[in-house]
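The structure appears below as structure tokens.
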Amino acid sequence: MGRSRRTLPEELLLLALDPATGTTAQPQSLDLGLAGAQLVELALAGRIAPDGDRIAVVVPRPTGDPTLDCALELLRRRGAPVRAVHWIGGPRLGLRQIYLSHLERCGMVAAVPGQMCGVLPTTRYQATDTDISREIRSRLDSAIRTGVPPDPRTAALAALAHAVGLGKHLYPGNEGRSSRSRLRDLIRHDPMGGLVAHAVMDVQNGAAAQPRRGPATAGRPAGPTVRATAEPARGVPMQPRHGSMARAVAH
């Protein structure tokens, strides 16, 4: 996979990054969305494919992206197809920070150190190339405005943005209500993106432990957010903290 093209996890994270505060919107659900975005990216690369509500590895060859290849190898080691909701709902500490650090190394964001309450060290992230963020946002806006079916990558990005709750961040207030509704409707234009997006919402609604009984419909009402009791997906390993005090990351 060439690195000239941004991956879906990177694009989702850039969408969530608030240019004014340097923090990410929807931090709790964003990690789930990033795990789901990895699955969609691997599917677009032809490495995995949906098998009902499960994910099967079809080509175990590495993509060349270390973070995606870690997820691909973990999926391969499972042997049998894994339910998307179990993979996304498994413990996956540090995934957001891994991608923030990656974007910093690529020069797309800059880390800005600070302090919380004048004591706890924090790090905020500012986009260094606003053209990239504008291009990503423009693709979503165009799909919403024109009603023309978007390409699979943009459709999956829209589905994931809706699933993690970025609609109210991207299109706030009453004036953004119709745009949020159309963002939700874009979920139907990519089967893999739809599968993963519904899995993200199922985890947030505490439904990860129960098998799906039929095709999901977009725009289901959101229930209370609870911790899912799913089997561990054993995703990206937790990254160690450095220093005498854990550094608070953008959220």
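Scheme for the structure tokens: letters A, B, ... for chains in order shown; per-chain residue numbers from 1; ligand numbers from 1 in order shown.
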Tell me, as number ranges by chain, which residues lie within 6 Å of range 187-194 of chain A, counting only C-alpha atoms; anything in the same chain fewer than 4 positions away does not count. A: 152, 155-156, 159
Residues near Ala111 in chain A, anyone? I mean within 8 Å using only C-alpha atoms, not counting same-chain ones fewer than 3 positions away, as a list of chain:residue names. A:Glu104, A:Thr123, A:Arg124, A:Tyr125, A:Gln126
How would the residues just chosen look if you wrote them out with C-alpha atoms as a PDB file, in the first residue's frame?
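Result saved to part-v6.pdb:
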```pdb
ATOM      1  CA  GLU A 104       3.078  14.047  14.042  1.00  0.00           C
ATOM      2  CA  THR A 123      -0.334  17.473  24.929  1.00  0.00           C
ATOM      3  CA  ARG A 124      -2.609  19.025  22.355  1.00  0.00           C
ATOM      4  CA  TYR A 125      -2.307  18.571  18.607  1.00  0.00           C
ATOM      5  CA  GLN A 126      -2.629  21.257  15.971  1.00  0.00           C
TER       6      GLN A 126
END
```
Residues within 9 Å of Pro81 in chain A, only C-alpha atoms, excluding chain neighbours under 5 positions, as a ChimeraX atom specification: /A:50-51,54-57,75-76
Just the number, please: distance in Å from CA of Val203 in chain A to CA of Gly33 in chain A, one decimal.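 A separation of 10.5 Å between them.
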Excluding range 58-64 of chain A and any residue of its chain fewer than 4 positions from it, enumerate the residues within 10 Å of it, using only C-alpha atoms, and give them as number ranges by chain. A: 1-3, 42-43, 45-50, 68-70, 72-73, 75-76
Save the residues we just selected, C-alpha atoms, as an mmCIF file, in the first residue's frame?
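So result25.cif came out as:
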```
data_model
loop_
_atom_site.group_PDB
_atom_site.id
_atom_site.type_symbol
_atom_site.label_atom_id
_atom_site.label_comp_id
_atom_site.auth_asym_id
_atom_site.auth_seq_id
_atom_site.Cartn_x
_atom_site.Cartn_y
_atom_site.Cartn_z
ATOM 1 C CA MET A 1 0.000 0.000 0.000
ATOM 2 C CA GLY A 2 1.558 3.281 -1.029
ATOM 3 C CA ARG A 3 1.967 5.895 1.649
ATOM 4 C CA LEU A 42 -7.730 -3.614 5.137
ATOM 5 C CA ALA A 43 -10.851 -4.522 3.154
ATOM 6 C CA ALA A 45 -6.638 -3.179 0.297
ATOM 7 C CA GLY A 46 -8.088 -6.628 -0.446
ATOM 8 C CA ARG A 47 -6.663 -8.243 2.706
ATOM 9 C CA ILE A 48 -9.926 -9.032 4.501
ATOM 10 C CA ALA A 49 -13.553 -9.481 3.481
ATOM 11 C CA PRO A 50 -16.913 -9.626 5.283
ATOM 12 C CA LEU A 68 -2.493 -1.971 9.739
ATOM 13 C CA ASP A 69 -0.185 -4.965 9.387
ATOM 14 C CA CYS A 70 -0.251 -5.476 13.159
ATOM 15 C CA LEU A 72 -3.922 -7.948 9.967
ATOM 16 C CA GLU A 73 -1.531 -10.351 11.676
ATOM 17 C CA LEU A 75 -6.721 -11.257 12.676
ATOM 18 C CA ARG A 76 -4.777 -13.975 10.852
#
```
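Between Leu103 in chain A and the candidates A:Ala197, A:Gln26, A:Asp53, A:Ile132, the tightest atom-to-atom separation, counting only C-alpha atoms, involves A:Ile132.
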Looking at only C-alpha atoms, which of A:Ala25, A:Leu13, A:Val200, A:Leu195 is the one that sits closest to His102 in chain A?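 Going through A:Ala25, A:Leu13, A:Val200, A:Leu195 one by one, the smallest distance to His102 in chain A is for A:Leu13.
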What does the distance from CA of Val85 in chain A to CA of Ala16 in chain A come to in Å, to one decimal? 21.9 Å
Give me, as an MDAnalysis selection string, all polymer residues having an atom no more than 10 Å from Pro19 in chain A, counting only C-alpha atoms and skipping those fewer than 3 positions away in the same chain. chainID A and resid 14:16 22:24 125:128 130 133
Those residues with N, CA, C and O atoms, as a JSON list (two decimals), in the first residue's frame please?
```
[["chain", "number", "residue", "atom", "x", "y", "z"],
["A", 14, "LEU", "N", -8.15, 13.04, 11.73],
["A", 14, "LEU", "CA", -8.04, 14.44, 11.31],
["A", 14, "LEU", "C", -9.41, 15.12, 11.32],
["A", 14, "LEU", "O", -9.51, 16.30, 11.66],
["A", 15, "LEU", "N", -10.46, 14.39, 10.96],
["A", 15, "LEU", "CA", -11.81, 14.95, 11.03],
["A", 15, "LEU", "C", -12.20, 15.29, 12.46],
["A", 15, "LEU", "O", -12.88, 16.29, 12.72],
["A", 16, "ALA", "N", -11.77, 14.43, 13.39],
["A", 16, "ALA", "CA", -12.16, 14.61, 14.79],
["A", 16, "ALA", "C", -11.33, 15.67, 15.51],
["A", 16, "ALA", "O", -11.72, 16.12, 16.58],
["A", 22, "GLY", "N", -7.26, 21.83, 19.73],
["A", 22, "GLY", "CA", -6.20, 20.82, 19.62],
["A", 22, "GLY", "C", -6.55, 19.50, 20.27],
["A", 22, "GLY", "O", -5.68, 18.66, 20.47],
["A", 23, "THR", "N", -7.81, 19.31, 20.62],
["A", 23, "THR", "CA", -8.27, 18.05, 21.20],
["A", 23, "THR", "C", -9.13, 17.31, 20.19],
["A", 23, "THR", "O", -9.55, 17.88, 19.17],
["A", 24, "THR", "N", -9.41, 16.05, 20.46],
["A", 24, "THR", "CA", -10.25, 15.27, 19.55],
["A", 24, "THR", "C", -11.66, 15.17, 20.09],
["A", 24, "THR", "O", -11.87, 14.96, 21.29],
["A", 125, "TYR", "N", -2.82, 18.76, 19.96],
["A", 125, "TYR", "CA", -2.31, 18.57, 18.61],
["A", 125, "TYR", "C", -2.97, 19.55, 17.65],
["A", 125, "TYR", "O", -4.20, 19.64, 17.59],
["A", 126, "GLN", "N", -2.15, 20.30, 16.94],
["A", 126, "GLN", "CA", -2.63, 21.26, 15.97],
["A", 126, "GLN", "C", -2.28, 20.78, 14.57],
["A", 126, "GLN", "O", -1.15, 20.35, 14.31],
["A", 127, "ALA", "N", -3.25, 20.84, 13.66],
["A", 127, "ALA", "CA", -2.99, 20.47, 12.27],
["A", 127, "ALA", "C", -2.02, 21.46, 11.67],
["A", 127, "ALA", "O", -2.15, 22.68, 11.83],
["A", 128, "THR", "N", -1.00, 20.94, 10.99],
["A", 128, "THR", "CA", 0.02, 21.81, 10.38],
["A", 128, "THR", "C", -0.28, 22.07, 8.91],
["A", 128, "THR", "O", 0.26, 22.99, 8.32],
["A", 130, "THR", "N", -3.61, 22.59, 6.93],
["A", 130, "THR", "CA", -5.06, 22.66, 6.96],
["A", 130, "THR", "C", -5.69, 22.28, 5.62],
["A", 130, "THR", "O", -6.87, 21.96, 5.57],
["A", 133, "SER", "N", -7.01, 18.68, 5.89],
["A", 133, "SER", "CA", -8.28, 18.58, 6.61],
["A", 133, "SER", "C", -9.43, 19.14, 5.79],
["A", 133, "SER", "O", -10.54, 18.59, 5.79]]
```
From a DSSP pass on the backbone, collect the residues of range 14-219 of chain A flagged as helix (DSSP H, G or I) and hand them back as an MDAnalysis selection string. chainID A and resid 14:16 27:44 66:77 84:89 95:105 130:146 152:163 167:170 174:189 191:204
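For the pair CA of Ala110 in chain A and CA of Leu44 in chain A, the interatomic distance is 28.8 Å.
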Taking the DSSP secondary structure from the backbone, can you list the residues of range 2-196 of chain A that are strand (DSSP E or B), as a list in words?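 After running DSSP on the backbone, range 2-196 of chain A has strand (DSSP E or B) at Leu17, Thr24, Ile48, Ala49, Pro50, Asp51, Arg54, Ile55, Ala56, Val57, Val82, Arg83, Val109, Ala110, Ala111, Val112, Pro113, Gly114, Gln115, Met116, Leu120, Pro121, Thr122, Thr123, Arg124, Tyr125, Gln126 and Ala127 of chain A.
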List the spatial neighbours of Asp31 in chain A as a list in words - criterion: any atom at most 9 Å away, only C-alpha atoms, same-chain residues fewer than 3 positions off excluded. Pro27, Gln28, Leu34, Ala35, Gly36, Ile88, Arg92, Leu93, Gly94, Leu95, Arg96 and Val164 of chain A
A:Ala143, A:Val112, A:Ala158, A:Ile98 ranked by distance to Pro66 in chain A, top pick (using only C-alpha atoms): A:Ile98
